[in-house]
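First up is the structure itself, then whatever we jot down about it.
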Amino acid sequence: FDNPQSILPATDSKIREQNAAAFISYALTWQKLSTEIGLRYEHVDFDYYDKGIFLPEQSRLYDNVFPNVALSMPIGKTQMSLSYTAKTSRPSFFQLRSDLQYDDRFTYEGGNPLLKPSFNHDLTYQFGYKFIQASLNYQYIKDVSSFMMKAYEPDPVITVFSQENYPKAQYLNASVSSRFKKFLTNSNLQFRSLSTIYPV
C-alpha cells in the first residue's frame with residue numbers, strides 16, 4: 001500500500017505460508033450404543049515479512065491436534081446423543097494486513113498482524129422423545145477475536161476500527177421444538193431460549 005500524500009502510512013507486507021493436515025476417524029457400534037472418534041492434526045507454518053524483513057513476532061508455527069467424539073443410543077422410546085468437537089478458526093490474510101483503510105476523515109480501518117487464532121470447544125447434547133426434540137449446546141472459545149475501536153495515535157480525533165483477541169468467550173444455547181401431527185396437520189410449535197456470556 002503506497003500513499004504518496006502521506007495521509008496514511010505506506011506498507012509493504014508479505015506472508016509465506018505452508019499448511020498440512022491429516023485426519024483419522026473410527027466408528028463402532030456395540031449393542032445399541034453407536035460411537036465415533038476422530039482426530040485431526042494440523043501443521044501451519046507462516047512467515048511474515050515487512051518491507052522484505054522477516055518479523056519473528058508476527059510469524060506463526062502451529063502443530064495442533066483436534067479430537068471429536070460422538071455417542072448416541074436409544075433408551076426406551078427416547079433417543080439421546082452427546083458430542084464433543086474441538087476446532088480452530090484462524091485469522092484471514094485480510095485480518096492480518098498491516099495497512100490502514102481510509103473510510104472517511106474521522107474513521108480508519110485496519111488489520112492486526114498480531115491476531116491469534118481462536119480455539120473452539122463445542123459440547124452438544126440432544127434428546128428426542130416422540131414429538132419433542134431438545135438440545136443443549138455449550139461453547140468455550142479461547143482467544144476469541146472481536147472488533148474494537150481506538151484513537152489514532154497521530155490524531156486522536158480519528159477512530160481506528162480493528163480486531164483484537166479477548167481471553168475467552170462462553171456461549172450456552174438451549175432449544176426445544178415440538179410437532180403435534182396428530183392434532184394439527186403440518187403445524188409446528190417451537191420454543192427457543194438463548195443465554196450468552198460475552199467476551200471478558
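Labels used: A, B, ... for chains in the order of the C-alpha cells, numbers from 1 for residues in each chain, and numbers from 1 for ligands as shown.
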Name all residues at most 7 Å from segment 73-87 of chain A (count only C-alpha atoms; drop same-chain ones fewer than 4 positions away) and give them as a list of chain:residue names.
-> A:Lys32, A:Leu33, A:Ser34, A:Phe66, A:Pro67, A:Asn68, A:Val69, A:Phe119, A:Asn120, A:His121, A:Asp122, A:Leu123, A:Thr124, A:Tyr125, A:Gln126, A:Phe127, A:Gly128, A:Tyr129
Can you tell me how far atom CA of Ile141 of chain A sits from atom CA of Ser98 of chain A, in Å to one decimal?
-> 25.3 Å
Using only C-alpha atoms, the best pick from A:Asp155, A:Glu42, A:Asp63, A:Glu36 as closest to Ala22 of chain A would be A:Glu42
At what distance in Å, to one decimal, does atom CA of Asp143 of chain A lie from atom CA of Leu61 of chain A?
->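 Spanning atom CA of Leu61 of chain A to atom CA of Asp143 of chain A is a straight-line distance of 16.4 Å.
Taking atom CA of Ala70 of chain A as the reference point, atom CA of Pro167 of chain A is found at 27.7 Å.
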Which residues come within 12 Å of segment 17-20 of chain A, counting only C-alpha atoms, excluding same-chain residues fewer than 5 positions away, as a PyMOL selection string?
-> chain A and resi 40-49+59-64+92-93
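With distances restricted to only C-alpha atoms, A:Leu136 is the closest residue to Tyr171 of chain A from A:Leu28, A:Val157, A:Leu136, A:Met148.
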